[in-house]
$ cat target_14.txt   # compact mmCIF, C-alpha atoms
# COMPACT_ATOMS: atom_id res chain seq x y z
CA MET A 27 13.94 -32.05 118.11
CA MET A 28 17.28 -31.71 119.98
CA ARG A 29 16.73 -27.98 120.37
CA ARG A 30 13.29 -28.54 121.93
CA LEU A 31 14.77 -31.13 124.30
CA PHE A 32 17.54 -28.69 125.34
CA VAL A 33 14.98 -25.95 126.07
CA PHE A 34 12.86 -28.37 128.09
CA VAL A 35 15.84 -29.54 130.17
CA LEU A 36 17.01 -25.96 130.76
CA SER A 37 13.52 -24.91 131.88
CA ALA A 38 13.31 -27.83 134.27
CA CYS A 39 16.67 -26.93 135.81
CA LEU A 40 15.63 -23.32 136.31
CA LEU A 41 12.37 -24.36 137.96
CA SER A 42 14.26 -26.72 140.27
CA LEU A 43 16.71 -23.99 141.20
CA LEU A 44 13.93 -21.50 141.95
CA SER A 45 12.10 -24.05 144.05
CA ALA A 46 15.23 -24.71 146.10
CA CYS A 47 15.76 -20.99 146.67
CA GLU A 48 12.21 -20.57 147.93
CA LYS A 49 12.86 -23.17 150.62
CA GLN A 50 15.83 -21.27 152.02
CA GLU A 51 15.44 -18.85 154.95
CA GLN A 52 14.29 -15.47 153.75
CA LEU A 53 16.99 -12.86 154.40
CA PRO A 54 16.26 -9.26 155.30
CA LYS A 55 15.39 -7.07 152.34
CA ASP A 56 18.48 -4.96 152.95
CA THR A 57 20.87 -7.95 152.72
CA PRO A 58 24.10 -6.45 151.34
CA PRO A 59 26.49 -7.70 148.71
CA ALA A 60 29.05 -10.09 150.16
CA ASP A 61 31.73 -7.39 150.44
CA GLU A 62 29.52 -4.80 152.23
CA THR A 63 29.52 -4.38 156.00
CA ILE A 64 26.27 -3.68 157.85
CA ALA A 65 26.98 -0.85 160.30
CA LEU A 66 24.61 -0.62 163.26
CA THR A 67 24.79 1.74 166.25
CA VAL A 68 23.20 0.64 169.51
CA TRP A 69 22.39 2.85 172.50
CA GLY A 70 22.13 1.23 175.90
CA ALA A 71 22.68 1.86 179.59
CA GLU A 72 26.30 2.31 180.60
CA GLU A 73 25.98 -0.57 183.06
CA ASP A 74 24.86 -2.90 180.24
CA GLU A 75 27.97 -2.58 178.06
CA ALA A 76 29.55 -5.93 178.92
CA LEU A 77 26.20 -7.71 178.56
CA LEU A 78 25.45 -6.07 175.22
CA GLN A 79 28.90 -6.86 173.83
CA GLU A 80 28.27 -10.52 174.64
CA ILE A 81 24.89 -10.34 172.89
CA PHE A 82 26.43 -8.64 169.84
CA ALA A 83 29.02 -11.41 169.56
CA SER A 84 26.39 -14.15 169.57
CA PHE A 85 24.31 -12.23 167.02
CA GLN A 86 27.25 -11.92 164.64
CA ALA A 87 28.12 -15.58 165.07
CA HIS A 88 24.53 -16.61 164.31
CA TYR A 89 24.37 -14.58 161.10
CA ALA A 90 28.01 -15.00 160.12
CA GLY A 91 27.21 -16.59 156.77
CA GLN A 92 24.67 -13.97 155.77
CA ALA A 93 26.39 -10.62 156.34
CA SER A 94 29.35 -8.86 157.86
CA PHE A 95 28.61 -6.51 160.74
CA ARG A 96 30.14 -3.57 162.54
CA ILE A 97 28.05 -3.02 165.67
CA THR A 98 28.95 0.07 167.68
CA TYR A 99 27.79 0.44 171.28
CA GLN A 100 27.28 3.94 172.71
CA PRO A 101 26.20 4.59 176.33
CA GLN A 102 22.93 6.48 176.54
CA SER A 103 20.61 6.91 179.49
CA GLU A 104 17.31 5.10 178.97
CA SER A 105 15.46 7.85 180.83
CA ASN A 106 16.21 10.63 178.33
CA CYS A 107 16.76 8.59 175.18
CA LYS A 108 13.73 10.19 173.53
CA ASP A 109 15.06 13.71 173.83
CA VAL A 110 18.45 12.80 172.42
CA LEU A 111 17.02 10.73 169.57
CA LEU A 112 14.43 13.28 168.49
CA GLY A 113 17.18 15.88 168.37
CA ASP A 114 18.63 14.07 165.34
CA LEU A 115 16.59 11.09 164.16
CA GLU A 116 18.63 10.47 161.04
CA GLY A 117 21.89 10.57 162.98
CA GLY A 118 20.58 8.61 165.96
CA ALA A 119 21.13 4.99 166.91
CA ASP A 120 19.65 2.20 164.79
CA VAL A 121 18.67 0.27 167.92
CA PHE A 122 18.15 1.81 171.36
CA ALA A 123 16.95 1.02 174.87
CA PHE A 124 14.45 3.38 176.48
CA ALA A 125 11.86 3.65 179.25
CA ASP A 126 8.28 2.83 178.26
CA ASP A 127 6.83 6.24 179.10
CA GLN A 128 8.58 7.60 175.99
CA VAL A 129 6.95 5.25 173.48
CA SER A 130 3.97 7.47 172.60
CA ALA A 131 6.10 10.52 171.91
CA LEU A 132 8.61 8.53 169.85
CA ALA A 133 5.84 6.99 167.76
CA ALA A 134 4.07 10.32 167.29
CA ALA A 135 7.31 11.96 166.15
CA GLY A 136 7.97 9.24 163.58
CA GLY A 137 10.93 7.77 165.42
CA LEU A 138 9.28 4.36 165.70
CA ASP A 139 7.29 2.33 163.20
CA PRO A 140 4.85 -0.42 164.22
CA ILE A 141 6.58 -3.77 164.78
CA PRO A 142 6.07 -5.84 161.58
CA ASP A 143 5.48 -9.18 163.31
CA GLY A 144 3.83 -7.77 166.42
CA ALA A 145 1.70 -10.83 167.16
CA ALA A 146 4.70 -13.09 167.74
CA ILE A 147 6.34 -10.61 170.13
CA GLN A 148 3.05 -10.04 171.97
CA SER A 149 2.43 -13.75 172.52
CA ALA A 150 5.95 -14.24 173.90
CA SER A 151 5.80 -11.29 176.34
CA LEU A 152 4.03 -10.53 179.60
CA PRO A 153 0.73 -8.66 179.05
CA ALA A 154 1.85 -5.66 181.13
CA ALA A 155 5.03 -5.39 179.06
CA VAL A 156 3.04 -5.53 175.83
CA GLU A 157 0.77 -2.75 177.10
CA ALA A 158 3.81 -0.67 178.02
CA ALA A 159 5.33 -1.13 174.53
CA SER A 160 2.13 -0.23 172.69
CA VAL A 161 0.26 2.86 171.58
CA GLY A 162 -3.39 1.95 171.52
CA ASN A 163 -3.41 -1.64 170.34
CA THR A 164 -0.33 -1.29 168.13
CA LEU A 165 3.07 -2.56 169.25
CA TYR A 166 5.84 -0.04 168.57
CA ALA A 167 8.78 -1.52 170.53
CA TYR A 168 10.23 -4.79 171.78
CA PRO A 169 9.63 -5.51 175.51
CA LEU A 170 12.96 -6.03 177.29
CA THR A 171 12.30 -5.95 181.04
CA ALA A 172 9.21 -5.83 183.22
CA ASP A 173 10.94 -4.58 186.32
CA ASN A 174 11.17 -0.81 186.08
CA GLY A 175 9.70 -0.15 189.49
CA TYR A 176 10.84 0.12 193.09
CA PHE A 177 10.41 -1.59 196.43
CA LEU A 178 12.15 -1.86 199.81
CA TYR A 179 15.57 -3.37 200.40
CA TYR A 180 16.39 -4.15 204.02
CA ASN A 181 19.16 -5.81 206.01
CA LYS A 182 17.72 -8.83 207.78
CA SER A 183 20.27 -8.58 210.58
CA TYR A 184 18.38 -5.48 211.77
CA PHE A 185 14.76 -6.06 210.71
CA THR A 186 12.18 -8.81 210.87
CA GLN A 187 9.54 -9.29 208.17
CA ALA A 188 7.02 -7.73 210.56
CA ASP A 189 9.23 -4.66 211.08
CA VAL A 190 9.33 -3.77 207.39
CA GLN A 191 5.55 -3.57 207.00
CA ARG A 192 5.42 -0.05 208.51
CA LEU A 193 7.74 2.86 207.75
CA ASP A 194 7.39 4.18 211.32
CA ARG A 195 8.86 0.95 212.67
CA ILE A 196 11.64 0.89 210.06
CA LEU A 197 12.75 4.41 210.99
CA GLU A 198 12.50 3.69 214.71
CA THR A 199 14.64 0.55 214.41
CA ALA A 200 17.26 2.24 212.26
CA ALA A 201 17.48 5.21 214.63
CA GLN A 202 18.05 2.88 217.60
CA ALA A 203 20.88 1.22 215.65
CA GLY A 204 22.42 4.53 214.61
CA ARG A 205 21.85 3.67 210.95
CA LEU A 206 19.95 5.19 208.03
CA VAL A 207 16.91 4.53 205.82
CA ALA A 208 17.33 5.98 202.31
CA MET A 209 14.92 7.27 199.70
CA ASP A 210 15.46 9.69 196.83
CA TRP A 211 13.17 12.71 197.24
CA SER A 212 15.04 14.62 194.55
CA SER A 213 13.25 12.38 192.04
CA ALA A 214 9.52 12.83 191.44
CA TRP A 215 9.50 9.21 190.28
CA TYR A 216 9.98 8.01 193.86
CA VAL A 217 7.91 10.78 195.49
CA TYR A 218 4.80 9.47 193.71
CA ALA A 219 4.92 6.76 196.40
CA PHE A 220 3.30 9.08 198.95
CA PHE A 221 0.43 10.31 196.77
CA GLY A 222 -0.47 7.26 194.69
CA ASN A 223 -2.84 5.46 197.07
CA THR A 224 -4.45 8.48 198.74
CA GLY A 225 -7.21 9.27 196.26
CA LEU A 226 -5.18 12.24 194.99
CA GLU A 227 -4.51 11.88 191.28
CA VAL A 228 -2.02 12.72 188.54
CA GLY A 229 -1.98 11.63 184.92
CA LEU A 230 -2.01 12.56 181.26
CA ASN A 231 -4.76 14.55 179.61
CA GLU A 232 -6.28 13.32 176.35
CA ASP A 233 -3.70 15.27 174.35
CA GLY A 234 -1.06 12.84 175.62
CA LEU A 235 1.27 15.70 176.55
CA THR A 236 -0.15 17.75 179.43
CA ASN A 237 -1.07 16.59 182.93
CA TYR A 238 -3.97 16.83 185.33
CA CYS A 239 -3.14 16.83 189.05
CA THR A 240 -5.22 16.99 192.25
CA TRP A 241 -2.39 16.72 194.77
CA ASN A 242 -3.40 20.06 196.31
CA SER A 243 -6.97 18.97 196.98
CA THR A 244 -8.55 20.27 200.18
CA ASP A 245 -11.39 17.72 200.10
CA GLY A 246 -11.64 14.01 200.85
CA PRO A 247 -10.37 11.78 203.66
CA ILE A 248 -6.75 12.60 202.75
CA ARG A 249 -5.87 16.11 201.63
CA GLY A 250 -2.72 17.29 199.95
CA VAL A 251 -1.52 18.99 203.12
CA ASP A 252 -1.92 15.69 205.00
CA VAL A 253 0.58 14.06 202.65
CA ALA A 254 2.93 17.03 202.92
CA GLN A 255 2.83 16.90 206.73
CA ALA A 256 3.47 13.15 206.67
CA MET A 257 6.56 13.75 204.54
CA LEU A 258 7.78 16.39 207.00
CA ASP A 259 7.31 13.93 209.87
CA ILE A 260 9.34 11.30 208.02
CA ALA A 261 12.10 13.78 207.17
CA ALA A 262 12.34 14.76 210.84
CA SER A 263 13.46 11.26 211.84
CA PRO A 264 17.21 11.07 212.56
CA ALA A 265 17.25 7.83 210.58
CA PHE A 266 15.85 9.28 207.36
CA SER A 267 18.32 10.08 204.58
CA ASN A 268 17.30 11.79 201.35
CA ARG A 269 19.86 10.43 198.91
CA THR A 270 20.11 9.45 195.26
CA ASP A 271 20.12 5.87 194.07
CA THR A 272 23.92 5.95 193.74
CA GLU A 273 24.28 7.33 197.25
CA PHE A 274 21.89 4.66 198.56
CA LEU A 275 24.15 1.96 197.18
CA SER A 276 27.26 3.61 198.64
CA GLY A 277 25.54 3.62 202.04
CA VAL A 278 24.67 -0.05 201.71
CA GLN A 279 28.28 -0.84 200.90
CA ASP A 280 29.79 1.17 203.76
CA GLY A 281 27.22 -0.09 206.29
CA SER A 282 25.54 3.25 207.09
CA VAL A 283 22.30 2.41 205.23
CA ILE A 284 20.34 -0.62 206.40
CA ALA A 285 17.12 -0.08 204.41
CA GLY A 286 16.08 1.90 201.39
CA VAL A 287 13.85 2.26 198.35
CA SER A 288 15.36 1.22 195.02
CA GLY A 289 14.90 -1.24 192.16
CA VAL A 290 16.17 -4.53 190.76
CA TRP A 291 19.10 -2.86 189.00
CA ASN A 292 20.82 -2.74 192.41
CA ALA A 293 19.98 -6.32 193.39
CA VAL A 294 23.36 -7.80 192.52
CA ALA A 295 25.31 -5.05 194.30
CA VAL A 296 23.11 -5.16 197.42
CA LYS A 297 23.47 -8.95 197.53
CA GLU A 298 27.24 -8.61 197.34
CA ALA A 299 27.19 -6.15 200.26
CA TRP A 300 24.70 -7.88 202.56
CA GLY A 301 24.98 -11.50 201.44
CA GLU A 302 22.39 -13.77 203.04
CA ASN A 303 21.09 -10.81 205.06
CA MET A 304 19.66 -9.15 201.96
CA GLY A 305 15.91 -8.81 202.27
CA ALA A 306 13.38 -7.33 199.85
CA ALA A 307 9.70 -6.51 200.33
CA LYS A 308 6.91 -4.38 198.96
CA LEU A 309 6.97 -0.77 200.09
CA PRO A 310 5.69 -0.28 203.65
CA THR A 311 2.70 1.72 204.84
CA TYR A 312 3.24 5.21 206.23
CA THR A 313 1.25 7.31 208.69
CA CYS A 314 -0.92 9.95 207.02
CA ALA A 315 -3.97 11.73 208.43
CA GLY A 316 -4.02 9.32 211.37
CA GLN A 317 -4.13 6.17 209.25
CA GLN A 318 -1.76 3.73 207.61
CA VAL A 319 -1.50 4.30 203.84
CA GLN A 320 0.16 1.79 201.57
CA MET A 321 2.99 3.45 199.64
CA ALA A 322 2.44 3.34 195.89
CA SER A 323 4.92 3.15 193.01
CA PHE A 324 5.29 3.88 189.36
CA SER A 325 5.85 0.75 187.32
CA GLY A 326 7.17 0.33 183.86
CA CYS A 327 9.31 -1.57 181.42
CA LYS A 328 12.48 -1.08 179.50
CA LEU A 329 11.99 -1.40 175.77
CA ILE A 330 14.13 -1.80 172.66
CA GLY A 331 13.29 0.44 169.73
CA VAL A 332 14.31 0.41 166.10
CA ASN A 333 14.88 3.82 164.55
CA ALA A 334 12.44 4.39 161.69
CA TYR A 335 15.28 6.22 159.91
CA SER A 336 17.78 3.35 160.17
CA ARG A 337 19.68 2.68 156.94
CA HIS A 338 19.37 -1.05 157.63
CA PRO A 339 15.90 -1.40 159.18
CA ASP A 340 15.55 -5.14 158.64
CA TRP A 341 18.91 -5.98 160.18
CA ALA A 342 18.24 -3.48 162.99
CA ALA A 343 14.96 -5.28 163.70
CA ARG A 344 16.76 -8.62 163.73
CA LEU A 345 19.26 -7.29 166.25
CA ALA A 346 16.45 -5.88 168.41
CA GLU A 347 14.69 -9.26 168.38
CA TRP A 348 17.98 -10.93 169.31
CA ILE A 349 18.51 -8.60 172.27
CA VAL A 350 15.03 -9.36 173.66
CA SER A 351 15.05 -13.08 172.88
CA GLU A 352 14.21 -15.49 175.70
CA GLU A 353 17.81 -16.70 175.89
CA ASN A 354 19.23 -13.18 176.16
CA GLN A 355 16.62 -12.07 178.69
CA ARG A 356 17.71 -15.03 180.81
CA LEU A 357 21.31 -13.90 180.36
CA ARG A 358 20.35 -10.34 181.35
CA PHE A 359 18.79 -11.63 184.55
CA ALA A 360 21.84 -13.77 185.35
CA LEU A 361 24.33 -10.94 184.79
CA ARG A 362 22.32 -7.83 185.73
CA GLY A 363 19.48 -9.16 187.91
CA GLN A 364 16.85 -7.52 185.69
CA GLY A 365 13.37 -9.03 185.47
CA PRO A 366 12.46 -10.45 182.05
CA ALA A 367 9.51 -9.33 179.95
CA ASN A 368 9.56 -12.67 178.13
CA ILE A 369 6.95 -15.02 179.63
CA ASN A 370 9.12 -18.14 179.66
CA ALA A 371 12.12 -16.34 181.10
CA ALA A 372 9.99 -14.61 183.75
CA ASN A 373 8.53 -17.94 184.84
CA SER A 374 11.89 -19.68 185.13
CA PRO A 375 12.82 -21.05 188.59
CA GLU A 376 15.83 -18.73 188.81
CA VAL A 377 13.75 -15.59 188.31
CA GLN A 378 10.93 -16.75 190.56
CA ALA A 379 13.45 -17.41 193.37
CA SER A 380 14.83 -13.86 193.28
CA PRO A 381 13.89 -11.85 196.42
CA ALA A 382 14.01 -8.59 194.43
CA ILE A 383 11.70 -9.86 191.70
CA ALA A 384 9.32 -11.32 194.31
CA ALA A 385 9.19 -7.94 196.07
CA LEU A 386 8.58 -6.13 192.80
CA LEU A 387 5.72 -8.49 191.93
CA GLU A 388 4.17 -7.92 195.37
CA GLN A 389 4.51 -4.15 194.97
CA SER A 390 2.90 -4.34 191.53
CA ASN A 391 -0.44 -4.67 193.31
CA TYR A 392 0.01 -1.05 194.41
CA SER A 393 1.57 0.43 191.28
CA GLN A 394 0.52 1.99 188.01
CA LEU A 395 2.22 2.53 184.67
CA GLN A 396 4.16 5.78 184.57
CA ARG A 397 2.13 8.00 182.27
CA VAL A 398 2.89 11.64 182.95
CA GLY A 399 4.01 14.52 180.75
CA GLY A 400 7.32 16.33 180.98
CA LYS A 401 5.97 19.11 183.22
CA PHE A 402 5.54 16.64 186.08
CA TRP A 403 9.13 16.22 187.19
CA ASP A 404 10.57 19.59 188.23
CA PRO A 405 7.64 20.99 190.26
CA VAL A 406 7.36 17.75 192.26
CA ALA A 407 11.11 17.63 192.88
CA GLU A 408 11.08 21.25 194.06
CA PHE A 409 8.24 20.52 196.50
CA SER A 410 9.75 17.29 197.85
CA GLY A 411 13.14 18.95 198.23
CA SER A 412 11.51 21.48 200.55
CA MET A 413 9.87 18.68 202.54
CA ALA A 414 13.15 16.74 202.82
CA GLN A 415 14.82 19.82 204.33
CA GLY A 416 12.01 20.33 206.82
CA ASN A 417 10.33 23.19 204.97
CA PRO A 418 13.11 25.71 205.72
CA SER A 419 11.21 28.64 204.18
CA GLY A 420 8.27 28.12 206.51
CA ALA A 421 5.93 28.64 203.57
CA SER A 422 2.35 27.38 203.78
CA LEU A 423 2.09 23.74 202.76
CA GLN A 424 -1.09 24.51 200.82
CA ILE A 425 0.63 27.31 198.90
CA GLN A 426 3.52 25.00 198.03
CA LEU A 427 1.10 22.32 196.85
CA ASP A 428 -0.83 24.86 194.78
CA ARG A 429 2.44 25.88 193.14
CA LEU A 430 3.28 22.23 192.49
CA VAL A 431 -0.07 21.58 190.79
CA GLU A 432 0.18 24.76 188.75
CA GLY A 433 3.57 23.67 187.43
CA VAL A 434 2.59 20.05 186.78
CA SER A 435 -0.61 21.12 184.96
CA GLU A 436 1.02 23.87 182.88
CA ARG A 437 0.16 23.70 179.19
$ encode --input "target_14.txt" --output "structure tokens"
Amino acid sequence: MMRRLFVFVLSACLLSLLSACEKQEQLPKDTPPADETIALTVWGAEEDEALLQEIFASFQAHYAGQASFRITYQPQSESNCKDVLLGDLEGGADVFAFADDQVSALAAAGGLDPIPDGAAIQSASLPAAVEAASVGNTLYAYPLTADNGYFLYYNKSYFTQADVQRLDRILETAAQAGRLVAMDWSSAWYVYAFFGNTGLEVGLNEDGLTNYCTWNSTDGPIRGVDVAQAMLDIAASPAFSNRTDTEFLSGVQDGSVIAGVSGVWNAVAVKEAWGENMGAAKLPTYTCAGQQVQMASFSGCKLIGVNAYSRHPDWAARLAEWIVSEENQRLRFALRGQGPANINAANSPEVQASPAIAALLEQSNYSQLQRVGGKFWDPVAEFSGSMAQGNPSGASLQIQLDRLVEGVSER
């Protein structure tokens, strides 16, 4: 009888213990023994190092009782993250930031797996950011920002709000002041601005790799040569300056540049330089084929990916979720001025009051997601470089456009 009672009591204790365990928070499947350290490598923009280190510290504090961590930050450009990662998936970062136009290629190459709890991330993020992080209807990455686009910065001590509606007026005003208006024509990303709202098209073919392009079209109300001539007219202005994003910022800081095309990543620095005179607006219209054409833009998002080959995929996913959490997207905006992809953070009073974010939202009416293959960039940059220099070769504009389209459409 005593033996039966002992077995009964022991069974009851075991059941109670199991029940208690089930009520505890489920830990990642790769939770290590107490003496093992979880090593995670994170790739991010060089400018984000201080921010990311702060986020890593809060992550480790939150999970301090569950695991020991060694999180290593390595600077890596978001624009070419795909190429570096696919060069060595197994040796690549566990968690990485990248531009949304790379998501399809990363997923197709097996570098990204579908997000396990995609519904929760989707419901917390802006619809455009979810679309940018997805392939088809499947979410493959964590939306981080919804601000990867460009607009016009201007110094309000020189321009009125009416002035900045037309590029002709902006250039005229800057020339009278002996100052400059900057835009980067060495980057096809920015040059899309002149073609995007003309009826001329560029995009991905169904294979997801090659492009179609009609920028050399000789039909329609606006032809390719009309855009090319408009660019030559702009470049001829003494106020126009073809300069990189870094050079734009240097000009803002030394006072030589009083307007220019850039993005929210420069908002903090421009504000420091111009103070209360910092203005931001959608891109202006420009004169093309005798009419005013609204300048277009590529739009996009920055995403956080988890390497499908990570040795600690569950902890890597937890860190990715931590980086894109509402709280940390708010922190990113406060420290870096970057627009959140999280709905609640994006709708916060602080974000809504930002001139740069307001300008980006206004420009979004004239933008499209960047979806072009790798052959797009160099031919466009070669063409726009010729236009920026005033077509020094004297070559036919149509021939140069034909060469551009041939290169962009190459298979």
$ atom_distance --input "target_14.txt" --atom1 "atom CA of Ala414 of chain A" --atom2 "atom CA of Ala261 of chain A"
5.4 Å
$ residues_around --input "target_14.txt" --residues "Ala254 of chain A" --least-positions-apart "2" --cutoff "9 Å" --atoms "only C-alpha atoms" --output "ChimeraX atom specification"
/A:220,249-252,256-259,410,413,423-424,427
$ residues_around --input "target_14.txt" --residues "Trp69 of chain A" --least-positions-apart "5" --cutoff "7 Å" --atoms "only C-alpha atoms" --output "PyMOL selection string"
chain A and resi 99-102+119+121-123
$ closest_atom_pairs --input "target_14.txt" --of "segment 293-350 of chain A" --to "segment 367-383 of chain A" --cutoff "8 Å" --atoms "all atoms listed in the file" --output "CSV"
residue,atom,partner,partner_atom,distance
A:Ala293,CA,A:Ala382,CA,6.5
A:Gly305,CA,A:Pro381,CA,6.9
A:Ala306,CA,A:Ala382,CA,5.6
A:Ala307,CA,A:Ala382,CA,7.6
A:Cys327,CA,A:Ala367,CA,7.9
A:Val350,CA,A:Asn368,CA,7.8
$ atom_distance --input "target_14.txt" --atom1 "atom CA of Ala93 of chain A" --atom2 "atom CA of Ala334 of chain A"
21.2 Å
$ residues_near_point --input "target_14.txt" --point "(17.9, 5.8, 205.9)" --cutoff "8 Å" --atoms "all atoms listed in the file" --output "list in words"
Leu197, Ala200, Arg205, Leu206, Val207, Ala208, Met209, Ala265, Phe266, Ser267, Asn268, Val283, Ile284, Ala285 and Gly286 of chain A
$ atom_distance --input "target_14.txt" --atom1 "atom CA of Ala76 of chain A" --atom2 "atom CA of Tyr89 of chain A"
20.5 Å
$ residues_around --input "target_14.txt" --residues "Gly234 of chain A" --least-positions-apart "2" --cutoff "9 Å" --atoms "all atoms listed in the file" --output "PyMOL selection string"
chain A and resi 130-131+230-232+236-237+397-399
$ residues_around --input "target_14.txt" --residues "segment 161-167 of chain A" --least-positions-apart "6" --cutoff "9 Å" --atoms "only C-alpha atoms" --output "PyMOL selection string"
chain A and resi 126+129-130+133+138-142+144-145+147-148+329-332
$ write_last_selection --input "target_14.txt" --atoms "C-alpha atoms" --output "PDB file, keeping the file's coordinate frame"
ATOM      1  CA  ASP A 126       8.280   2.830 178.260  1.00  0.00           C
ATOM      2  CA  VAL A 129       6.950   5.250 173.480  1.00  0.00           C
ATOM      3  CA  SER A 130       3.970   7.470 172.600  1.00  0.00           C
ATOM      4  CA  ALA A 133       5.840   6.990 167.760  1.00  0.00           C
ATOM      5  CA  LEU A 138       9.280   4.360 165.700  1.00  0.00           C
ATOM      6  CA  ASP A 139       7.290   2.330 163.200  1.00  0.00           C
ATOM      7  CA  PRO A 140       4.850  -0.420 164.220  1.00  0.00           C
ATOM      8  CA  ILE A 141       6.580  -3.770 164.780  1.00  0.00           C
ATOM      9  CA  PRO A 142       6.070  -5.840 161.580  1.00  0.00           C
ATOM     10  CA  GLY A 144       3.830  -7.770 166.420  1.00  0.00           C
ATOM     11  CA  ALA A 145       1.700 -10.830 167.160  1.00  0.00           C
ATOM     12  CA  ILE A 147       6.340 -10.610 170.130  1.00  0.00           C
ATOM     13  CA  GLN A 148       3.050 -10.040 171.970  1.00  0.00           C
ATOM     14  CA  LEU A 329      11.990  -1.400 175.770  1.00  0.00           C
ATOM     15  CA  ILE A 330      14.130  -1.800 172.660  1.00  0.00           C
ATOM     16  CA  GLY A 331      13.290   0.440 169.730  1.00  0.00           C
ATOM     17  CA  VAL A 332      14.310   0.410 166.100  1.00  0.00           C
TER      18      VAL A 332
END
$ closest_residue --input "target_14.txt" --among "A:Phe124, A:Tyr312, A:Trp241, A:Tyr179" --to "Pro405 of chain A" --atoms "all atoms listed in the file"
A:Trp241
$ build_atoms --input "target_14.txt" --residues "segment 72-89 of chain A" --atoms "N, CA and C atoms" --output "PDB file, keeping the file's coordinate frame"
ATOM      1  N   GLU A  72      24.855   2.474 180.399  1.00  0.00           N
ATOM      2  CA  GLU A  72      26.300   2.310 180.600  1.00  0.00           C
ATOM      3  C   GLU A  72      26.610   1.013 181.322  1.00  0.00           C
ATOM      4  N   GLU A  73      25.755   0.636 182.280  1.00  0.00           N
ATOM      5  CA  GLU A  73      25.980  -0.570 183.060  1.00  0.00           C
ATOM      6  C   GLU A  73      25.776  -1.843 182.241  1.00  0.00           C
ATOM      7  N   ASP A  74      25.164  -1.727 181.066  1.00  0.00           N
ATOM      8  CA  ASP A  74      24.860  -2.900 180.240  1.00  0.00           C
ATOM      9  C   ASP A  74      25.921  -3.198 179.188  1.00  0.00           C
ATOM     10  N   GLU A  75      27.016  -2.437 179.168  1.00  0.00           N
ATOM     11  CA  GLU A  75      27.970  -2.580 178.060  1.00  0.00           C
ATOM     12  C   GLU A  75      28.500  -4.002 177.916  1.00  0.00           C
ATOM     13  N   ALA A  76      28.985  -4.588 179.005  1.00  0.00           N
ATOM     14  CA  ALA A  76      29.550  -5.930 178.920  1.00  0.00           C
ATOM     15  C   ALA A  76      28.502  -6.936 178.447  1.00  0.00           C
ATOM     16  N   LEU A  77      27.292  -6.821 178.965  1.00  0.00           N
ATOM     17  CA  LEU A  77      26.200  -7.710 178.560  1.00  0.00           C
ATOM     18  C   LEU A  77      25.906  -7.551 177.069  1.00  0.00           C
ATOM     19  N   LEU A  78      25.773  -6.314 176.624  1.00  0.00           N
ATOM     20  CA  LEU A  78      25.450  -6.070 175.220  1.00  0.00           C
ATOM     21  C   LEU A  78      26.550  -6.557 174.288  1.00  0.00           C
ATOM     22  N   GLN A  79      27.800  -6.389 174.673  1.00  0.00           N
ATOM     23  CA  GLN A  79      28.900  -6.860 173.830  1.00  0.00           C
ATOM     24  C   GLN A  79      28.830  -8.379 173.659  1.00  0.00           C
ATOM     25  N   GLU A  80      28.442  -9.073 174.719  1.00  0.00           N
ATOM     26  CA  GLU A  80      28.270 -10.520 174.640  1.00  0.00           C
ATOM     27  C   GLU A  80      27.114 -10.874 173.694  1.00  0.00           C
ATOM     28  N   ILE A  81      26.037 -10.112 173.772  1.00  0.00           N
ATOM     29  CA  ILE A  81      24.890 -10.340 172.890  1.00  0.00           C
ATOM     30  C   ILE A  81      25.248 -10.040 171.441  1.00  0.00           C
ATOM     31  N   PHE A  82      26.002  -8.972 171.207  1.00  0.00           N
ATOM     32  CA  PHE A  82      26.430  -8.640 169.840  1.00  0.00           C
ATOM     33  C   PHE A  82      27.262  -9.775 169.249  1.00  0.00           C
ATOM     34  N   ALA A  83      28.150 -10.336 170.051  1.00  0.00           N
ATOM     35  CA  ALA A  83      29.020 -11.410 169.560  1.00  0.00           C
ATOM     36  C   ALA A  83      28.200 -12.627 169.144  1.00  0.00           C
ATOM     37  N   SER A  84      27.206 -12.988 169.922  1.00  0.00           N
ATOM     38  CA  SER A  84      26.390 -14.150 169.570  1.00  0.00           C
ATOM     39  C   SER A  84      25.541 -13.864 168.341  1.00  0.00           C
ATOM     40  N   PHE A  85      25.073 -12.624 168.197  1.00  0.00           N
ATOM     41  CA  PHE A  85      24.310 -12.230 167.020  1.00  0.00           C
ATOM     42  C   PHE A  85      25.157 -12.360 165.753  1.00  0.00           C
ATOM     43  N   GLN A  86      26.366 -11.855 165.810  1.00  0.00           N
ATOM     44  CA  GLN A  86      27.250 -11.920 164.640  1.00  0.00           C
ATOM     45  C   GLN A  86      27.626 -13.351 164.305  1.00  0.00           C
ATOM     46  N   ALA A  87      27.796 -14.173 165.323  1.00  0.00           N
ATOM     47  CA  ALA A  87      28.120 -15.580 165.070  1.00  0.00           C
ATOM     48  C   ALA A  87      26.931 -16.283 164.417  1.00  0.00           C
ATOM     49  N   HIS A  88      25.727 -15.959 164.860  1.00  0.00           N
ATOM     50  CA  HIS A  88      24.530 -16.610 164.310  1.00  0.00           C
ATOM     51  C   HIS A  88      24.331 -16.276 162.839  1.00  0.00           C
ATOM     52  N   TYR A  89      24.599 -15.020 162.476  1.00  0.00           N
ATOM     53  CA  TYR A  89      24.370 -14.580 161.100  1.00  0.00           C
ATOM     54  C   TYR A  89      25.662 -14.449 160.300  1.00  0.00           C
TER      55      TYR A  89
END
